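Undergrad: To start, I am sharing the structure in question, which I have written as structure tokens.
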Amino acid sequence: MNFTHDVIVIGGGAAGLTAAGGCALFGLEVALIEAREMGGECLNDGCVPSKALIAAARRAQEARTPLRHGVMLARPRVDWRGVHAHIHAAIAAIAPHDSQERFEEMGCAVFRDWARVTGKHTVKVGKRTLSAPRIVIATGSSPAIPPIAGLAQVSYLTNETLFDLTERPEHLVVVGGGAIGMEMAQAFCRLGSAVTLVEPGELLARDDADNVAIVRRTMEEEGVRFVSGKAARVEARGDGIRLHVEKGEAIEGSHLLIATGRKPNASGFGLEEIGVEIGEGGIVVDQRRRTSLKHIYAIGDCRDGPRLTHVSGYEGSNVALEITLGLPTKVDWSALPWCTYTAPEVAQVGMTEKAARERHGDGVTVVVERFDDNERAIADGDTAGQLKLVLKGKKVLGASIVGKNAGEMLLPFSQSITGKSSSFALGSAVIAYPTRSEISKAASFTAWEPTVFGSVPKKWAQTLAKLRRRLA
Ligand SMILES: Cc1cc2nc3c(=O)[nH]c(=O)nc-3n(C[C@H](O)[C@H](O)[C@H](O)COP(=O)(O)OP(=O)(O)OC[C@H]3O[C@@H](n4cnc5c(N)ncnc54)[C@H](O)[C@@H]3O)c2cc1C
Ligand SMILES: NC(=O)c1ccc[n+]([C@@H]2O[C@H](COP(=O)([O-])OP(=O)(O)OC[C@H]3O[C@@H](n4cnc5c(N)ncnc54)[C@H](O)[C@@H]3O)[C@@H](O)[C@H]2O)c1
């Protein structure tokens with residue numbers, strides 16, 4: 001077959017851009033297809049706008065505690081148009097990294113239209129049919145809308161519309177206590193909205209429950225109200241809504257945010273017709289991210305698996321290496337990090353205590369270090385939180401951190417889990433004083449303490465001391 005390109009990448013989000021850019025930098029002829037804005041969800045309606053909103057909220061919260069450390073601040077005045085402008089300025093500042101021009105400079109042919117897979121090696125975009133020996137599907141996901149009776153008849157927000165608000169919601173009702181629900185509930189509350197969050201199960205269910213309890217307490221103290229139950233029915237009420245919780249109360253609010261997970265963008269553009277297997281959680285892939293048709297890869301949010309920007313980037317670069325150099329690259333989730341950017345942040349790498357005990361039973365030990373023992377945290381007056389180090393013997397299986405900047409502290413534990421460092425190396429490292437990172441050294445050293453100060457080293461130290469007294 002006379003192919004038009006070496007590889008076709010569908011989707012210009014974190015996954016597709018990494019795969020396309022990687023292949024182009026190795027000199028392959030790459031077709032990159034994106035129907036909407038370049039940069040996908042992370043840049044346009046995900047990570048970037050949500051973290052920009054959180055930054056505005058942090059500023060308001062700081063001022064809301066008027067007297068702290070002997071310093072008096074003026075009460076915050078939140079101008080929602082200013083918040084909106086900050087969010088969109090952040091998007092605009094990062095947009096050049098993901099732009100059509102940048103990827104064309106790297107050597108990609110960029111097509112800005114919807115793609116349809118028309119054959120095992122062919123993709124139609126606009127009036128053109130492209131063909132390649134390898135195809136990468138990186139079509140992302142959309143908000144999953146739960147079966148709440150009456151939802152279609154009321155107006156509601158999702159991450160696709162939330163960041164366009166130009167006025168502060170009076171009372172935001174958030175459905176879903178996952179990462180989006182928790183981050184946005186706290187941010188809107190800090191910016192002055194009343195916030196009620198409805199969740200039937202555990203908040204941040206993938207994280208360590210003790211650590212989540214700490215962030216929940218902080219959010220409650222700041223004014224977020226948590227309602228346990230499933231959102232079952234909703235109706236319009238004046239300019240707002242009234243949400244009925246299954247076997248529970250009815251909550252009235254001015255705005256409704258649906259944050260109940262993601263639906264992979266896997267069907268409706270030709271994959272089923274050519275025999276690519278699609279499961280409940282998305283496109284079915286093997287560890288090398290190959291679909292049931294081995295020359296077609298699926299990466300990022302569109303396939304079954306973790307949905308995070310760094311995961312999309314990791315899979316994009318793996319697949320680029322496999323396609324360009326022919327090196328099979330399997331994904332490895334043993335040191336997968338993630339962080340929810342509430343205050344305090346809730347961060348995780350590797351296994352939680354619960355997951356480790358399910359897998360390894362009594363062989364697991366857990367070391368807990370609290371930030372109220374960390375001297376930088378004390379000096380800063382920001383001691384909420386703790387680090388849980390999960391070990392099997394001295395091998396690190398995971399770390400669960402809740403606290404200010406917890407997400408920044410995961411790296412040494414990632415390296416320990418992957419064998420590029422060890423709990424001993426971290427426990428004996430020299431760490432700048434006073435920093436919050438000292439807690440990582442403290443936890444690692446605690447794991448070694450019984451060995452370092454065990455009976456054998458103690459006996460040896462005593463013998464040496466005796467010898468010195470005799471010989472000196
Ligand atoms: C509010 C929010 C906050 C988040 N915060 C974080 C965070 O802090 N950290 C983190 O790691 N993750 C975060 N995420 C998750 C992160 O945004 C996603 O995991 C990531 O963006 C997925 O990247 P992707 O490339 O797989 O998909 P996407 O970014 O969705 O890209 C897919 C692209 O494919 C295009 N497309 C789809 N079908 C077609 C077609 N047929 N033809 C042409 N183009 C097509 C779409 O237009 C889209 O641009 C957040 C998500 C949300 C919603
Ligand atoms: N900081 C981050 O890394 C970050 C931030 C935001 C989003 N994300 C990613 O975005 C994706 C989506 O996040 P999310 O928070 O929407 O999904 P999620 O899957 O994390 O949480 C959804 C929650 O909605 C609840 N729910 C479902 N139906 C409900 C109902 N009828 N009533 C009440 N609650 C209901 C579920 O029990 C669940 O707890 C995730 O993949 C996440 O990893 C990541």
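Chain labels A, B, ... are given in the sequence in which chains occur in the structure tokens; within each chain residues are numbered consecutively from 1, and ligands are likewise numbered from 1 in the order shown.
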Please identify all protein, DNA and RNA residues within 6 Å of ligand 2, counting only C-alpha atoms and all ligand atoms, and report them as an NGL selection string.

TA: :A and (146 or 175-181 or 198-201 or 203 or 230-232 or 259-262 or 307-308 or 338-341)

Undergrad: Please return, as JSON, numbers by chain, all residues of segment 183-425 of chain A that DSSP assigns to strand (DSSP E) on the basis of the backbone.

TA: {"A": [194, 195, 196, 197, 198, 199, 225, 226, 227, 228, 231, 232, 233, 234, 235, 236, 237, 240, 241, 242, 243, 244, 245, 250, 251, 252, 253, 255, 256, 257, 258, 262, 263, 264, 278, 279, 282, 283, 296, 297, 298, 337, 338, 339, 340, 345, 346, 347, 348, 349, 350, 364, 365, 366, 367, 368, 369, 370, 386, 387, 388, 389, 390, 391, 392, 395, 396, 397, 398, 399, 400, 401, 402, 403]}

Undergrad: When the cut-off is 7 Å and you count only C-alpha atoms and all ligand atoms, which residues lie near ligand 1, shown as a PyMOL selection string?

TA: chain A and resi 10-16+33-42+45-47+50-51+113-116+138-141+159+180+265+269+299-302+307-310+312+338+340-341

Undergrad: Those same residues - C-alpha atoms - I'd like them written as a compact mmCIF listing (two decimals), in the first residue's frame.

TA:
# COMPACT_ATOMS: atom_id res chain seq x y z
CA ILE A 10 -5.93 11.27 16.29
CA GLY A 11 -6.25 13.77 19.14
CA GLY A 12 -4.12 16.78 20.06
CA GLY A 13 -4.24 16.51 23.88
CA ALA A 14 -1.40 15.48 26.19
CA ALA A 15 -1.34 11.92 24.85
CA GLY A 16 -1.56 12.68 21.13
CA ILE A 33 -5.51 15.43 13.71
CA GLU A 34 -7.35 17.65 16.22
CA ALA A 35 -10.92 18.85 15.75
CA ARG A 36 -11.13 21.32 18.63
CA GLU A 37 -8.51 23.42 20.45
CA MET A 38 -4.96 22.12 20.44
CA GLY A 39 -3.89 21.01 23.92
CA GLY A 40 -7.07 19.05 24.66
CA GLU A 41 -8.67 18.84 28.07
CA CYS A 42 -5.67 19.56 30.30
CA ASP A 45 -10.93 22.66 30.46
CA GLY A 46 -8.95 20.53 32.89
CA CYS A 47 -5.70 20.90 34.81
CA SER A 50 -8.65 24.33 37.55
CA LYS A 51 -5.21 25.06 39.01
CA ASP A 113 -11.06 18.64 11.72
CA TRP A 114 -12.88 15.55 12.97
CA ALA A 115 -11.22 12.26 12.05
CA ARG A 116 -13.06 9.11 11.09
CA ALA A 138 -5.65 9.62 21.59
CA THR A 139 -9.20 10.96 21.61
CA GLY A 140 -9.55 11.58 25.35
CA SER A 141 -12.74 11.51 27.40
CA ASN A 159 -15.64 20.92 33.52
CA ILE A 180 -12.75 17.40 40.38
CA ASN A 265 -14.24 9.00 23.60
CA PHE A 269 -15.66 7.53 14.74
CA ILE A 299 -3.31 6.03 24.73
CA GLY A 300 -4.51 8.45 27.39
CA ASP A 301 -8.07 8.95 28.58
CA CYS A 302 -9.74 7.10 25.68
CA ARG A 307 -6.77 9.18 33.49
CA LEU A 308 -4.13 11.82 34.26
CA THR A 309 -2.06 14.18 32.14
CA HIS A 310 1.29 12.68 33.12
CA SER A 312 -1.10 10.46 28.86
CA TRP A 338 -1.08 11.48 41.57
CA THR A 340 -5.35 16.25 44.36
CA TYR A 341 -4.69 19.97 44.66

Undergrad: Nearest residue to Val7 of chain A out of A:Ile258, A:Leu197, A:Val78, A:Ile296, using only C-alpha atoms?

TA: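 Using only C-alpha atoms, the shortest distance to Val7 of chain A belongs to A:Ile296.
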
Undergrad: Taking only residues of segment 186-237 of chain A that have an atom at most 9 Å from an atom of segment 401-417 of chain A, what is each one's shortest atom pair and its distance in Å to one decimal, using only C-alpha atoms, in chain and number order, as a tab-separated table?

TA:
residue	atom	partner	partner_atom	distance
A:Asp208	CA	A:Ile401	CA	8.7
A:Asn211	CA	A:Val402	CA	5.6
A:Val212	CA	A:Val402	CA	7.7
A:Ile214	CA	A:Val402	CA	7.6
A:Val215	CA	A:Val402	CA	7.6

Undergrad: Identify which of the residues A:Ile8, A:Val349, A:Ala442, A:Val396 lies closest to Val368 of chain A, counting only C-alpha atoms when measuring atom-to-atom distances.

TA: A:Ala442

Undergrad: To one decimal in Å, tell me the separation between atom CA of Thr161 of chain A and atom CA of Asp79 of chain A.

TA: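 Atom CA of Asp79 of chain A lies at a distance of 18.8 Å from atom CA of Thr161 of chain A.
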
Undergrad: So that I can check the secondary structure, give me every residue of segment 294-359 of chain A assigned helix (DSSP H, G or I) by backbone DSSP, as a list in words.

TA: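 In segment 294-359 of chain A, DSSP puts these residues in helix (DSSP H, G or I): Gly300, Asp301, Cys302, Thr309, His310, Val311, Ser312, Gly313, Tyr314, Glu315, Gly316, Ser317, Asn318, Val319, Ala320, Leu321, Glu322, Ile323, Thr324, Leu325, Glu353, Lys354, Ala355, Ala356, Arg357, Glu358 and Arg359 of chain A.
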
Undergrad: Show me, as an NGL selection string, the residues that have an atom within 7 Å of Ser317 of chain A when counting only C-alpha atoms, minus same-chain residues fewer than 3 positions from it.

TA: :A and (18-19 or 22 or 313-314 or 320-321)

Undergrad: Just C-alpha atoms for this one: save the residues we selected as a PDB file, in the first residue's frame.

TA:
ATOM      1  CA  THR A  18       3.518  13.585  23.011  1.00  0.00           C
ATOM      2  CA  ALA A  19       3.167  10.670  20.597  1.00  0.00           C
ATOM      3  CA  GLY A  22       8.089  12.157  19.589  1.00  0.00           C
ATOM      4  CA  GLY A 313       2.405  11.874  28.359  1.00  0.00           C
ATOM      5  CA  TYR A 314       4.050   8.652  29.589  1.00  0.00           C
ATOM      6  CA  ALA A 320       6.500   6.958  20.119  1.00  0.00           C
ATOM      7  CA  LEU A 321       9.567   4.905  21.116  1.00  0.00           C
TER       8      LEU A 321
END

Undergrad: Would you mind telling me which residue in A:Ser131, A:Thr365, A:Gln153, A:Ser334 lies nearest to Thr446 of chain A when using only C-alpha atoms?

TA: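 Checking each candidate against Thr446 of chain A, we get A:Thr365 as the closest.
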
Undergrad: Taking only C-alpha atoms into account, name the residue in A:Glu105, A:Asp207, A:Glu438, A:Asp286 that is nearest to Ala347 of chain A.

TA: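 Nearest candidate to Ala347 of chain A out of A:Glu105, A:Asp207, A:Glu438, A:Asp286: A:Asp207.
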
Undergrad: Using only C-alpha atoms, find the one residue out of A:Ser440, A:Leu391, A:Pro147, A:Glu29 that sits nearest to Gly361 of chain A.

TA: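 Ranked by minimum distance to Gly361 of chain A, first place goes to A:Leu391.
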